[in-house]
Amino acid sequence: MTVGLEDPPADFTCAICEREASNRFHWSPRDYERPPVCKSCESLTGYSWTGAARRRTAPTGGTARDKRDAMRIGALADAIGQLAARQQWEVQHGIT
Ligand SMILES: [Zn+2]
């Protein structure tokens, strides 16, 4: 173990896509998967109709760690918003 570097977080299940996120192949704290959202859900908002990935806009200020924290919070907020919209749609269309 290198002195001065934090240990990678333990494997966890992503709160959004429910896939297993592992730090097995991440050696830099900059690249670590950090709970509760996996790196994929953190950086992607979806896909365009051509199949190209749409990326979340990273904040312009702050440290790399701060930017990733902000993107994870944004990902969780988006997930809650999408869930709310789906529930509203189900109520409007009589699906319970
Ligand atoms: Zn995920």
# chains A, B, ... in the order shown; residues from 1 in each chain; ligands from 1
$ residues_near_ligand --ligand "ligand 1" --cutoff "10 Å" --atoms "only C-alpha atoms and all ligand atoms" --output "list in words"
Thr13, Cys14, Ala15, Ile16, Cys17, Glu18, Arg19, Glu20, Ala21, Glu33, Pro35, Pro36, Val37, Cys38, Lys39, Ser40, Cys41, Glu42, Ser43, Leu44 and Ala75 of chain A
$ residues_around --residues "Ser22 (chain A)" --least-positions-apart "2" --cutoff "8 Å" --atoms "only C-alpha atoms" --output "list of chain:residue names"
A:Ala10, A:Asp11, A:Phe12, A:Glu20, A:Arg24, A:Phe25, A:Glu33
$ residues_around --residues "Ala58 (chain A)" --least-positions-apart "3" --cutoff "10 Å" --atoms "only C-alpha atoms" --output "ChimeraX atom specification"
/A:43,55,61,64,67-68,70-71,74
$ residues_around --residues "Pro29 (chain A)" --least-positions-apart "4" --cutoff "10 Å" --atoms "only C-alpha atoms" --output "list in words"
Leu5, Glu6, Asp7, Pro8, Pro9, Asn23, Glu33, Arg34, Ala64 and Arg65 of chain A
$ write_last_selection --atoms "all heavy atoms" --output "PDB file, in the first residue's frame"
ATOM      1  N   LEU A   5      -2.134   7.705   0.174  1.00  0.00           N
ATOM      2  CA  LEU A   5      -3.305   7.468  -0.670  1.00  0.00           C
ATOM      3  C   LEU A   5      -4.375   6.775   0.152  1.00  0.00           C
ATOM      4  O   LEU A   5      -4.079   5.920   0.974  1.00  0.00           O
ATOM      5  CB  LEU A   5      -2.944   6.598  -1.869  1.00  0.00           C
ATOM      6  CG  LEU A   5      -2.075   7.241  -2.938  1.00  0.00           C
ATOM      7  CD1 LEU A   5      -1.779   6.236  -4.027  1.00  0.00           C
ATOM      8  CD2 LEU A   5      -2.766   8.457  -3.525  1.00  0.00           C
ATOM      9  N   GLU A   6      -5.616   7.145  -0.114  1.00  0.00           N
ATOM     10  CA  GLU A   6      -6.706   6.490   0.613  1.00  0.00           C
ATOM     11  C   GLU A   6      -6.952   5.108   0.016  1.00  0.00           C
ATOM     12  O   GLU A   6      -6.637   4.861  -1.147  1.00  0.00           O
ATOM     13  CB  GLU A   6      -7.976   7.331   0.518  1.00  0.00           C
ATOM     14  CG  GLU A   6      -8.455   7.488  -0.903  1.00  0.00           C
ATOM     15  CD  GLU A   6      -9.807   8.157  -1.000  1.00  0.00           C
ATOM     16  OE1 GLU A   6     -10.684   7.823  -0.208  1.00  0.00           O
ATOM     17  OE2 GLU A   6      -9.964   9.011  -1.882  1.00  0.00           O
ATOM     18  N   ASP A   7      -7.519   4.229   0.809  1.00  0.00           N
ATOM     19  CA  ASP A   7      -7.887   2.910   0.311  1.00  0.00           C
ATOM     20  C   ASP A   7      -9.121   3.037  -0.567  1.00  0.00           C
ATOM     21  O   ASP A   7      -9.973   3.888  -0.320  1.00  0.00           O
ATOM     22  CB  ASP A   7      -8.199   1.975   1.484  1.00  0.00           C
ATOM     23  CG  ASP A   7      -6.939   1.599   2.243  1.00  0.00           C
ATOM     24  OD1 ASP A   7      -5.850   1.606   1.632  1.00  0.00           O
ATOM     25  OD2 ASP A   7      -7.044   1.324   3.453  1.00  0.00           O
ATOM     26  N   PRO A   8      -9.228   2.199  -1.600  1.00  0.00           N
ATOM     27  CA  PRO A   8     -10.438   2.278  -2.438  1.00  0.00           C
ATOM     28  C   PRO A   8     -11.669   1.856  -1.642  1.00  0.00           C
ATOM     29  O   PRO A   8     -11.579   0.975  -0.785  1.00  0.00           O
ATOM     30  CB  PRO A   8     -10.146   1.292  -3.569  1.00  0.00           C
ATOM     31  CG  PRO A   8      -9.051   0.433  -3.073  1.00  0.00           C
ATOM     32  CD  PRO A   8      -8.279   1.211  -2.070  1.00  0.00           C
ATOM     33  N   PRO A   9     -12.813   2.492  -1.907  1.00  0.00           N
ATOM     34  CA  PRO A   9     -14.042   2.072  -1.233  1.00  0.00           C
ATOM     35  C   PRO A   9     -14.371   0.616  -1.574  1.00  0.00           C
ATOM     36  O   PRO A   9     -13.995   0.137  -2.640  1.00  0.00           O
ATOM     37  CB  PRO A   9     -15.109   3.011  -1.796  1.00  0.00           C
ATOM     38  CG  PRO A   9     -14.372   4.160  -2.388  1.00  0.00           C
ATOM     39  CD  PRO A   9     -13.058   3.618  -2.819  1.00  0.00           C
ATOM     40  N   ASN A  23     -13.825  -1.602  -7.428  1.00  0.00           N
ATOM     41  CA  ASN A  23     -12.580  -0.858  -7.625  1.00  0.00           C
ATOM     42  C   ASN A  23     -11.414  -1.780  -7.941  1.00  0.00           C
ATOM     43  O   ASN A  23     -10.262  -1.400  -7.761  1.00  0.00           O
ATOM     44  CB  ASN A  23     -12.265  -0.022  -6.386  1.00  0.00           C
ATOM     45  CG  ASN A  23     -13.101   1.223  -6.346  1.00  0.00           C
ATOM     46  OD1 ASN A  23     -13.124   1.981  -7.300  1.00  0.00           O
ATOM     47  ND2 ASN A  23     -13.828   1.413  -5.266  1.00  0.00           N
ATOM     48  N   GLU A  33     -14.506   4.120  -7.932  1.00  0.00           N
ATOM     49  CA  GLU A  33     -15.966   4.081  -7.851  1.00  0.00           C
ATOM     50  C   GLU A  33     -16.314   4.472  -6.419  1.00  0.00           C
ATOM     51  O   GLU A  33     -15.785   3.892  -5.475  1.00  0.00           O
ATOM     52  CB  GLU A  33     -16.470   2.652  -8.104  1.00  0.00           C
ATOM     53  CG  GLU A  33     -16.111   2.096  -9.454  1.00  0.00           C
ATOM     54  CD  GLU A  33     -17.197   2.313 -10.480  1.00  0.00           C
ATOM     55  OE1 GLU A  33     -18.127   3.086 -10.199  1.00  0.00           O
ATOM     56  OE2 GLU A  33     -17.103   1.697 -11.552  1.00  0.00           O
ATOM     57  N   ARG A  34     -17.177   5.464  -6.262  1.00  0.00           N
ATOM     58  CA  ARG A  34     -17.525   5.908  -4.914  1.00  0.00           C
ATOM     59  C   ARG A  34     -19.023   5.734  -4.694  1.00  0.00           C
ATOM     60  O   ARG A  34     -19.818   6.156  -5.519  1.00  0.00           O
ATOM     61  CB  ARG A  34     -17.140   7.367  -4.727  1.00  0.00           C
ATOM     62  CG  ARG A  34     -15.636   7.596  -4.832  1.00  0.00           C
ATOM     63  CD  ARG A  34     -15.266   9.029  -4.550  1.00  0.00           C
ATOM     64  NE  ARG A  34     -13.858   9.272  -4.810  1.00  0.00           N
ATOM     65  CZ  ARG A  34     -12.883   8.938  -3.964  1.00  0.00           C
ATOM     66  NH1 ARG A  34     -13.176   8.374  -2.827  1.00  0.00           N
ATOM     67  NH2 ARG A  34     -11.620   9.176  -4.271  1.00  0.00           N
ATOM     68  N   ALA A  64     -11.021  17.911  -8.221  1.00  0.00           N
ATOM     69  CA  ALA A  64     -11.580  16.764  -8.942  1.00  0.00           C
ATOM     70  C   ALA A  64     -12.568  16.016  -8.058  1.00  0.00           C
ATOM     71  O   ALA A  64     -13.624  15.571  -8.522  1.00  0.00           O
ATOM     72  CB  ALA A  64     -10.448  15.832  -9.387  1.00  0.00           C
ATOM     73  N   ARG A  65     -12.244  15.899  -6.781  1.00  0.00           N
ATOM     74  CA  ARG A  65     -13.118  15.203  -5.838  1.00  0.00           C
ATOM     75  C   ARG A  65     -14.450  15.949  -5.692  1.00  0.00           C
ATOM     76  O   ARG A  65     -15.517  15.341  -5.692  1.00  0.00           O
ATOM     77  CB  ARG A  65     -12.378  15.104  -4.497  1.00  0.00           C
ATOM     78  CG  ARG A  65     -13.120  14.376  -3.407  1.00  0.00           C
ATOM     79  CD  ARG A  65     -13.009  12.890  -3.603  1.00  0.00           C
ATOM     80  NE  ARG A  65     -13.779  12.199  -2.600  1.00  0.00           N
ATOM     81  CZ  ARG A  65     -13.260  11.615  -1.534  1.00  0.00           C
ATOM     82  NH1 ARG A  65     -11.966  11.634  -1.329  1.00  0.00           N
ATOM     83  NH2 ARG A  65     -14.028  10.982  -0.685  1.00  0.00           N
TER      84      ARG A  65
END
$ select_by_dssp --residues "chain A" --states "alpha helix (DSSP H)" --output "PyMOL selection string"
chain A and resi 39-43+64-92
$ select_by_dssp --residues "chain A" --states "strand (DSSP E)" --output "list in words"
Phe12, Thr13, Glu20, Ala21, Leu44, Thr45, Gly46, Tyr47, Ala53, Arg54 and Arg55 of chain A
$ write_last_selection --atoms "C-alpha atoms" --output "PDB file, in the first residue's frame"
ATOM      1  CA  PHE A  12     -21.124  -1.673  -3.639  1.00  0.00           C
ATOM      2  CA  THR A  13     -24.373  -1.842  -5.604  1.00  0.00           C
ATOM      3  CA  GLU A  20     -22.154  -4.016  -8.842  1.00  0.00           C
ATOM      4  CA  ALA A  21     -19.440  -1.333  -8.801  1.00  0.00           C
ATOM      5  CA  LEU A  44     -23.805   9.675 -18.317  1.00  0.00           C
ATOM      6  CA  THR A  45     -27.299  11.177 -18.529  1.00  0.00           C
ATOM      7  CA  GLY A  46     -28.498   8.913 -21.311  1.00  0.00           C
ATOM      8  CA  TYR A  47     -28.085   8.207 -25.007  1.00  0.00           C
ATOM      9  CA  ALA A  53     -23.597   8.714 -24.989  1.00  0.00           C
ATOM     10  CA  ARG A  54     -24.776  11.986 -23.491  1.00  0.00           C
ATOM     11  CA  ARG A  55     -22.418  13.125 -20.769  1.00  0.00           C
TER      12      ARG A  55
END
$ atom_distance --atom1 "CA of Ala77 (chain A)" --atom2 "CA of Thr96 (chain A)"
23.5 Å
$ atom_distance --atom1 "CA of Gly62 (chain A)" --atom2 "CA of Ser48 (chain A)"
28.9 Å
